[in-house]
>>> print(open('work_38.pdb').read())   # PDB, C-alpha atoms
ATOM      1  CA  MET A  15     315.951  66.186 152.932
ATOM      2  CA  GLY A  16     317.980  64.748 150.079
ATOM      3  CA  VAL A  17     316.938  63.155 146.849
ATOM      4  CA  ASP A  18     315.816  59.555 147.282
ATOM      5  CA  SER A  19     317.190  57.672 144.288
ATOM      6  CA  ASP A  20     315.926  54.353 145.682
ATOM      7  CA  LEU A  21     312.374  55.717 145.616
ATOM      8  CA  PHE A  22     312.813  56.960 142.031
ATOM      9  CA  PHE A  23     314.165  53.562 141.006
ATOM     10  CA  VAL A  24     311.350  51.589 142.652
ATOM     11  CA  LEU A  25     308.640  53.894 141.292
ATOM     12  CA  GLY A  26     310.168  53.639 137.830
ATOM     13  CA  VAL A  27     310.166  49.842 137.943
ATOM     14  CA  VAL A  28     306.568  49.730 139.207
ATOM     15  CA  ILE A  29     305.311  52.217 136.614
ATOM     16  CA  ALA A  30     307.124  50.387 133.812
ATOM     17  CA  ALA A  31     305.681  47.069 135.003
ATOM     18  CA  LEU A  32     302.176  48.551 135.073
ATOM     19  CA  SER A  33     302.529  49.462 131.407
ATOM     20  CA  LEU A  34     302.782  45.814 130.325
ATOM     21  CA  PRO A  35     299.031  45.013 130.582
ATOM     22  CA  SER A  36     298.270  48.205 128.692
ATOM     23  CA  ILE A  37     300.694  47.236 125.927
ATOM     24  CA  LEU A  38     299.221  43.763 125.621
ATOM     25  CA  GLY A  39     295.653  45.085 125.628
ATOM     26  CA  ALA A  40     296.367  47.647 122.950
ATOM     27  CA  ILE A  41     298.153  45.179 120.716
ATOM     28  CA  SER A  42     295.433  42.545 121.092
ATOM     29  CA  GLU A  43     292.781  45.117 120.139
ATOM     30  CA  GLY A  44     294.798  46.339 117.157
ATOM     31  CA  ARG A  45     295.333  49.907 118.361
ATOM     32  CA  ALA A  46     298.420  51.946 119.155
ATOM     33  CA  PRO A  47     299.643  51.626 122.762
ATOM     34  CA  ARG A  48     299.827  55.384 123.416
ATOM     35  CA  ALA A  49     299.123  55.292 127.162
ATOM     36  CA  ALA A  50     301.554  52.421 127.578
ATOM     37  CA  ALA A  51     304.244  54.354 125.728
ATOM     38  CA  ILE A  52     303.794  57.294 128.086
ATOM     39  CA  LEU A  53     304.037  54.986 131.101
ATOM     40  CA  VAL A  54     307.184  53.366 129.720
ATOM     41  CA  MET A  55     308.770  56.787 129.172
ATOM     42  CA  ILE A  56     307.886  57.955 132.694
ATOM     43  CA  GLY A  57     309.116  54.714 134.281
ATOM     44  CA  GLY A  58     312.269  54.676 132.190
ATOM     45  CA  GLY A  59     312.944  58.317 133.017
ATOM     46  CA  LEU A  60     312.661  57.635 136.741
ATOM     47  CA  ILE A  61     314.984  54.640 136.451
ATOM     48  CA  LEU A  62     317.506  56.663 134.447
ATOM     49  CA  LEU A  63     317.324  59.495 136.978
ATOM     50  CA  ALA A  64     318.064  57.078 139.824
ATOM     51  CA  VAL A  65     320.949  55.454 137.937
ATOM     52  CA  TYR A  66     322.350  58.871 137.017
ATOM     53  CA  GLN A  67     322.261  60.026 140.648
ATOM     54  CA  ARG A  68     323.930  56.902 142.016
ATOM     55  CA  PRO A  69     325.831  55.122 139.221
ATOM     56  CA  GLY A  70     326.788  51.512 139.811
ATOM     57  CA  LEU A  71     324.272  50.969 142.617
ATOM     58  CA  TYR A  72     321.407  49.485 140.618
ATOM     59  CA  SER A  73     321.436  46.204 138.750
ATOM     60  CA  LEU A  74     319.050  43.340 138.188
ATOM     61  CA  GLN A  75     320.400  41.597 141.282
ATOM     62  CA  SER A  76     320.069  44.683 143.513
ATOM     63  CA  THR A  77     316.460  45.459 142.533
ATOM     64  CA  PRO A  78     314.893  43.437 145.395
ATOM     65  CA  GLU A  79     317.233  45.151 147.865
ATOM     66  CA  ALA A  80     316.085  48.566 146.620
ATOM     67  CA  PHE A  81     312.448  47.537 147.098
ATOM     68  CA  VAL A  82     313.196  46.379 150.661
ATOM     69  CA  ARG A  83     315.010  49.631 151.470
ATOM     70  CA  VAL A  84     312.120  51.755 150.190
ATOM     71  CA  VAL A  85     309.387  49.728 151.869
ATOM     72  CA  GLY A  86     311.370  49.570 155.113
ATOM     73  CA  ARG A  87     312.018  53.300 155.074
ATOM     74  CA  TYR A  88     308.389  54.262 154.583
ATOM     75  CA  LEU A  89     306.793  51.613 156.803
ATOM     76  CA  ASN A  90     309.206  51.978 159.674
TER
END
>>> encode(input="work_38.pdb", output="structure tokens")
Amino acid sequence: MGVDSDLFFVLGVVIAALSLPSILGAISEGRAPRAAAILVMIGGGLILLAVYQRPGLYSLQSTPEAFVRVVGRYLN
């Protein structure tokens, strides 16, 4: 079984998106967003790994297509 760069990309986007509420909560409470920073680094690392494995495949316009491919692959 090969490396699934689509899965890495989708997980990275989801993890990075989940860090946004943590960032906003930390800033509104006046504390450092440490957990959010870790989530951003993990999500960004997964996105970079996917882009490194398949350069030129991922862009803002192709993000929904990557989500559909991953969901279709694992639900089918």
>>> closest_residue(input="work_38.pdb", among="A:Val54, A:Leu63, A:Ala46, A:Val85", to="Ala31 of chain A", atoms="only C-alpha atoms")
A:Val54
>>> atom_distance(input="work_38.pdb", atom1="atom CA of Arg83 of chain A", atom2="atom CA of Ser19 of chain A")
11.0 Å
>>> residues_around(input="work_38.pdb", residues="Ala49 of chain A", least_positions_apart="5", cutoff="9 Å", atoms="all atoms listed in the file", output="PDB file with C-alpha atoms, in the frame of the given file")
ATOM      1  CA  SER A  33     302.529  49.462 131.407  1.00  0.00           C
ATOM      2  CA  SER A  36     298.270  48.205 128.692  1.00  0.00           C
ATOM      3  CA  ILE A  37     300.694  47.236 125.927  1.00  0.00           C
ATOM      4  CA  VAL A  54     307.184  53.366 129.720  1.00  0.00           C
TER       5      VAL A  54
END
>>> closest_residue(input="work_38.pdb", among="A:Tyr88, A:Gly58, A:Gln75, A:Val82", to="Val27 of chain A", atoms="all atoms listed in the file")
A:Gly58
>>> resolve_selection(input="work_38.pdb", expression="the PyMOL selection byres ((chain A and resi 26) around 10)", output="ChimeraX atom specification")
/A:20-25,27-32,53-64
>>> write_last_selection(input="work_38.pdb", atoms="C-alpha atoms", output="CSV table (one decimal), in the coordinates of the input")
chain,number,residue,atom,x,y,z
A,20,ASP,CA,315.9,54.4,145.7
A,21,LEU,CA,312.4,55.7,145.6
A,22,PHE,CA,312.8,57.0,142.0
A,23,PHE,CA,314.2,53.6,141.0
A,24,VAL,CA,311.4,51.6,142.7
A,25,LEU,CA,308.6,53.9,141.3
A,27,VAL,CA,310.2,49.8,137.9
A,28,VAL,CA,306.6,49.7,139.2
A,29,ILE,CA,305.3,52.2,136.6
A,30,ALA,CA,307.1,50.4,133.8
A,31,ALA,CA,305.7,47.1,135.0
A,32,LEU,CA,302.2,48.6,135.1
A,53,LEU,CA,304.0,55.0,131.1
A,54,VAL,CA,307.2,53.4,129.7
A,55,MET,CA,308.8,56.8,129.2
A,56,ILE,CA,307.9,58.0,132.7
A,57,GLY,CA,309.1,54.7,134.3
A,58,GLY,CA,312.3,54.7,132.2
A,59,GLY,CA,312.9,58.3,133.0
A,60,LEU,CA,312.7,57.6,136.7
A,61,ILE,CA,315.0,54.6,136.5
A,62,LEU,CA,317.5,56.7,134.4
A,63,LEU,CA,317.3,59.5,137.0
A,64,ALA,CA,318.1,57.1,139.8
>>> atom_distance(input="work_38.pdb", atom1="atom CA of Pro35 of chain A", atom2="atom CA of Ala80 of chain A")
23.7 Å
>>> atom_distance(input="work_38.pdb", atom1="atom CA of Asp18 of chain A", atom2="atom CA of Arg87 of chain A")
10.7 Å
